[in-house]
Each structure stands twice: as structure tokens, then as C-alpha cells.
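Visitor: What follows is a single structure, and I will ask about it in a moment.
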Amino acid sequence: MVKRKRQRKDNQNEQDRISDLSDCLLLHILSVLNTKQAIQTSILSKRWINVWKNLPSLTLSCFDIRNIDLFQKTLKDAVSHNIKHLKLVVSTIECIPPYFSCLSLTSLNLKAFYGKMFHLAQPQIFPNSLCLPALTTLSLEYFAFRRSDDGYVEPFSTFNMLNTLTVRSCVVLGGQSLRISSTKLGNLTIHLYRGQPYKYFPGSTFGIELYHAPSLHTFVFTADDYIHKLYGSKSVFSSIKHVYFDVVCYCNLQRRNQSNILDLLVELANIESLTITSTTLMVLSNFPDVLKVKLPSLLNLKSLKVITHPVSRPTTIPNGMVHFLLQNSPLAKVDYIKYKKGLLFDDLLHR
């Protein structure tokens, strides 16, 4: 009996030692767990009830929290404790409370999930009512944009601190263009692959207007069988210094798509570095008499990186296309890079 009491006392002391750890150490422990596990620690003792709410980064998924009310409550708890980085995977935009506001949030990664019935699903509408004044990084995937009360599709203009924006496989409803407007936006990445469920959504052939982004310096654009028309003010295009182009599939591209790429190259008057894939060069090479075109741009080009793809995609660089890009900057440094999985533009930029 004495031995059992001693063991029980030892166990209690061990539990007390864990509870006596500082918040910093407890948060470090929770940081190695997934969000569901971190939230479950709240039942361990009174000491742990609110610890997870102080995590600076949180991932909430409809896979882990299927009840919308519980999802919203968890989100509100995190917001009330000054969450800074948030990743949300939602099956419906209703998972996010109406007029969602968070003064501390600096990074938001938002992805819509449609399940196996994606061909029957309606695209989730990105809300125009988010109040995120400190947001500097925003990533969106599989959402639809619609026009606001002023008649324009301009979903990012209220994010006054936004520096980095990634738009992945999103659509625009109503046959309008997506207007990019953000005063402090420096890095813009647009991935428009027409795979599932994206190809089933209406509005996937929209234009992209770089309307007001005077600080934009880095632009990444990838697409497959449809090259979206990109246009905007000369002041925005002239501010761009680093560009990455990747057109994945060129087999079924129409001449209009080829022209869209060429038109964009013409607009990029002041870029200093250009990273372009062999497949993109294949698209350009199919434009009639492209090698006879005199580019008025690329005068300040210092670095040209050509990425060749593996066997599953064409690796041949069309004759004359590298020289075509260098016609106004013959002294620019040229690097040929073999594609490998996980190769990031940031890595290429600093090579």
C-alpha cells in the first residue's frame, strides 16, 4: 500500500513538473504536433486549456474539424490570441465567419477542398469582407472571384500591407478580368493549371490586369493550355525586375495564346532577370516569323536562365530562341538549368 502511494505521488510530481514548464517551452512542444493533436492537449489539465491558442502558426483543415460551428469556434479562439500565420483548408467558405477580422494575422494560406465530386461542385467565392490590416502574405487556391459593388473584380485592394500574393487555379465569374491592385505588393505568383477541379469551373479564361502595384518587382506566371491575357499600366510593368515563365503544355495552344506571351515580353521593358522554360520557348517559336520580330524590350537584361524539362516534357530548345531574347542585351549571362522536382524560383533568383 505504501509503495502504491509512493508511486502515485511520484506520478503527480512528474505531472506537476510538466505543468510547471514555461509557456515558451510548452508552445515549443505543441509546435511539433499537428493542429488537431495540439488542440487535444487542452484536456490534459487546466494548465493546458489555453496553451494551444497562443501558437503563432496554425493549420485548420475540414478533414480534422468537420463541424462548421466547431471550426469557426477554433478559428475565433486562435484569432483572440493574436495568431500570426494561418493555413485553412475548407470545404465551404462558410467555415470562415462572416466579416472575419484579425488584426494580428500576417500570413494567410487559404485552400478550397471539393472532394471526389469536384465535377459537380460550385466554386467557393472568395469573400470581399475580410478585415486583415496586418496581412503581408496571401496564398489562395481553387477559389472564385466576383466583382464588388464598384463593378470591378479587385479582391486584394483592401490589404494595404500585402507584399506577397500567390493565386493558384482560381477563376473569375462574370466574364471579367482579375484586377491586381495593392500598393505594397512586391511579389506576385500566378499558377493557372486547368486540372481538376479547376477545369470544371466557369470563368477560367479571364484576363489579368496589373492595375495599381507600383512596388511590384518579381512576377511568376505558369499556365498550361490557355495563356491568360495580361495587361496593365506601363508604370507597373516598368517596376518589374525579375520574371519567371513556365507554359506546361504547348500542343493545343492557339495563336492567340502565343501572342499573349509575346505581348507580355514586349511590355516588360526593365526586367533584369528572366527565367523561362524550354516549353515556353517552344510556344514562342510557333508564332509566325517570331525570329524576325524586333523586341523593343529586355534592354536591361542581365541574366537569362533557361530551364529544360525531363523526358516527360520536351527538353529541346528551339533554334534561335535564346538569341531572340538576347537581341537587345547580348552580354547578359545565360544559364541552362535541368529541371528537378522542388526547384523554386527563389533558389533560381539567387543563383
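Starting from 1 in every chain, residues are counted up; chains themselves are A, B, ... following the order of the C-alpha cells, and ligands are numbered from 1 as listed.
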Identify, on the basis of only C-alpha atoms, every residue whose closest approach to Leu108 in chain A does not exceed 7 Å; exclude the query and any residue fewer than 5 positions from it along the same chain; express the result as a tab-separated table (two decimals) with all heavy atoms, in the first residue's frame.
Guide:
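In the end it all went to out.tsv:
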```tsv
chain	number	residue	atom	x	y	z
A	85	HIS	N	0.18	33.40	-38.28
A	85	HIS	CA	0.25	32.64	-39.53
A	85	HIS	C	-0.85	31.59	-39.53
A	85	HIS	O	-0.95	30.78	-38.60
A	85	HIS	CB	1.62	31.97	-39.68
A	85	HIS	CG	2.77	32.89	-39.46
A	85	HIS	ND1	3.17	33.82	-40.39
A	85	HIS	CD2	3.60	33.05	-38.39
A	85	HIS	CE1	4.19	34.51	-39.92
A	85	HIS	NE2	4.48	34.05	-38.71
A	86	LEU	N	-1.66	31.59	-40.57
A	86	LEU	CA	-2.82	30.73	-40.60
A	86	LEU	C	-2.95	30.04	-41.95
A	86	LEU	O	-2.87	30.68	-43.00
A	86	LEU	CB	-4.08	31.57	-40.32
A	86	LEU	CG	-5.40	30.84	-40.04
A	86	LEU	CD1	-5.27	29.94	-38.82
A	86	LEU	CD2	-6.51	31.85	-39.83
A	87	LYS	N	-3.15	28.72	-41.89
A	87	LYS	CA	-3.43	27.94	-43.10
A	87	LYS	C	-4.78	27.26	-42.92
A	87	LYS	O	-4.99	26.54	-41.94
A	87	LYS	CB	-2.35	26.89	-43.35
A	87	LYS	CG	-2.60	26.06	-44.61
A	87	LYS	CD	-1.47	25.07	-44.86
A	87	LYS	CE	-1.74	24.27	-46.13
A	87	LYS	NZ	-0.66	23.29	-46.42
A	137	THR	N	1.28	38.38	-46.48
A	137	THR	CA	1.41	37.24	-47.39
A	137	THR	C	0.07	36.54	-47.52
A	137	THR	O	-0.54	36.15	-46.53
A	137	THR	CB	2.47	36.24	-46.86
A	137	THR	OG1	3.72	36.91	-46.71
A	137	THR	CG2	2.63	35.08	-47.84
A	138	LEU	N	-0.35	36.35	-48.78
A	138	LEU	CA	-1.64	35.71	-49.04
A	138	LEU	C	-1.48	34.69	-50.16
A	138	LEU	O	-0.93	34.98	-51.21
A	138	LEU	CB	-2.69	36.74	-49.45
A	138	LEU	CG	-4.07	36.21	-49.87
A	138	LEU	CD1	-4.74	35.48	-48.71
A	138	LEU	CD2	-4.95	37.35	-50.38
A	139	SER	N	-1.97	33.45	-49.91
A	139	SER	CA	-1.95	32.39	-50.91
A	139	SER	C	-3.35	31.81	-51.02
A	139	SER	O	-3.95	31.40	-50.02
A	139	SER	CB	-0.95	31.29	-50.52
A	139	SER	OG	-0.98	30.23	-51.47
```
Visitor: Show me, as a list of chain:residue names, the residues that have an atom within 10 Å of Pro214 in chain A when counting only C-alpha atoms, minus same-chain residues fewer than 3 positions from it.
Guide: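 Here the answer would be A:Ser181, A:Ser182, A:Thr183, A:Lys184, A:Leu185, A:Gly186, A:Leu210, A:Tyr211, A:His217, A:Ser233, A:Ser235, A:Val236, A:Phe237, A:Ser238, A:Ser239, A:Ile240.
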Visitor: CA of Ile271 in chain A and CA of Asp246 in chain A are how many Å apart?
Guide: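 These atoms are spaced 16.6 Å apart.
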Visitor: If you take only C-alpha atoms and a cut-off of 10 Å, which residues of range 111-213 of chain A touch range 59-81 of chain A, and what are their nearest atom pairs and distances in Å to one decimal, in chain and number order, as a Markdown table?
Guide:
```
| residue | atom | partner | partner_atom | distance |
| --- | --- | --- | --- | --- |
| A:Lys111 | CA | A:Ser61 | CA | 9.4 |
| A:Ala112 | CA | A:Cys62 | CA | 9.6 |
| A:Phe113 | CA | A:Cys62 | CA | 8.3 |
```
Visitor: A:Asp335, A:Glu94, A:Glu141, A:Asp289: which is nearest Thr189 in chain A, counting only C-alpha atoms?
Guide: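 Closest to Thr189 in chain A, using only C-alpha atoms: A:Glu141.
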Visitor: Calculate how many Å separate CA of Pro127 in chain A from CA of Arg146 in chain A, rounding to one decimal.
Guide: 8.9 Å
Visitor: To one decimal in Å, tell me the separation between CA of Glu209 in chain A and CA of Thr106 in chain A.
Guide: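 Spanning CA of Glu209 in chain A to CA of Thr106 in chain A is a straight-line distance of 25.0 Å.
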Visitor: Compile the contact shell of range 256-270 of chain A as a PyMOL selection string: residues with an atom at most 10 Å away, counting only C-alpha atoms, same-chain residues fewer than 2 positions apart removed.
Guide: chain A and resi 225-234+236-243+245+247+250+252-254+272-274+280-288+290+293-301+325
Visitor: Could you name the residues that touch range 163-175 of chain A at 8 Å or less, counting only C-alpha atoms, but leaving out those on the same chain fewer than 6 positions away, as a tab-separated table (two decimals) with C-alpha atoms, in the first residue's frame?
Guide:
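Here's the written file part20.tsv:
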```
chain	number	residue	atom	x	y	z
A	136	THR	CA	1.62	40.71	-45.77
A	137	THR	CA	1.41	37.24	-47.39
A	138	LEU	CA	-1.64	35.71	-49.04
A	139	SER	CA	-1.95	32.39	-50.91
A	140	LEU	CA	-5.24	31.27	-52.49
A	141	GLU	CA	-6.10	28.01	-54.25
A	142	TYR	CA	-9.29	26.86	-56.02
A	143	PHE	CA	-11.37	29.96	-55.30
A	144	ALA	CA	-13.60	32.12	-57.47
A	145	PHE	CA	-13.55	35.91	-57.53
A	146	ARG	CA	-16.56	38.09	-58.31
A	147	ARG	CA	-16.99	41.80	-58.80
A	153	VAL	CA	-13.05	42.25	-59.61
A	184	LYS	CA	2.99	47.48	-51.37
A	185	LEU	CA	2.76	44.28	-53.42
A	186	GLY	CA	6.29	43.22	-54.34
A	187	ASN	CA	5.95	39.54	-55.29
A	188	LEU	CA	3.16	38.16	-57.47
A	189	THR	CA	2.81	34.46	-58.38
A	190	ILE	CA	0.01	33.21	-60.62
A	191	HIS	CA	-0.37	29.46	-61.29
A	192	LEU	CA	-3.22	28.63	-63.65
A	193	TYR	CA	-3.25	24.91	-64.35
A	194	ARG	CA	-6.55	23.74	-65.84
A	198	TYR	CA	-10.30	23.88	-61.95
A	201	PHE	CA	-15.38	25.77	-63.20
A	202	PRO	CA	-16.82	28.59	-65.29
A	203	GLY	CA	-14.72	31.70	-65.76
A	204	SER	CA	-11.32	30.04	-66.16
A	205	THR	CA	-10.35	32.09	-69.24
A	206	PHE	CA	-10.24	35.51	-67.61
```
Visitor: If you run DSSP on the backbone here, which positions in range 77-218 of chain A get alpha helix (DSSP H)? Please write them as a ChimeraX atom specification.
Guide: /A:77-80
Visitor: Store the residues picked out above in a file with C-alpha atoms, as an mmCIF file, in the first residue's frame.
Guide:
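Output file part_39.cif follows:
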```cif
data_model
loop_
_atom_site.group_PDB
_atom_site.id
_atom_site.type_symbol
_atom_site.label_atom_id
_atom_site.label_comp_id
_atom_site.auth_asym_id
_atom_site.auth_seq_id
_atom_site.Cartn_x
_atom_site.Cartn_y
_atom_site.Cartn_z
ATOM 1 C CA ASP A 77 -10.094 31.208 -30.347
ATOM 2 C CA ALA A 78 -6.911 31.452 -32.386
ATOM 3 C CA VAL A 79 -7.734 34.990 -33.526
ATOM 4 C CA SER A 80 -8.435 36.114 -29.953
#
```
Visitor: Among the residues of range 95-195 of chain A, find those DSSP assigns to strand (DSSP E or B) from the backbone and print them as a PyMOL selection string.
Guide: chain A and resi 101+107-112+124-125+131+137-141+143-145+153+164-168+171-172+178-181+187-192
Visitor: Restricting the calculation to only C-alpha atoms, which member of A:Leu331, A:Leu88, A:Ile337, A:Leu291 is positioned closest to Thr277 in chain A?
Guide: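 Between A:Leu331, A:Leu88, A:Ile337, A:Leu291, the residue approaching Thr277 in chain A most closely is A:Ile337.
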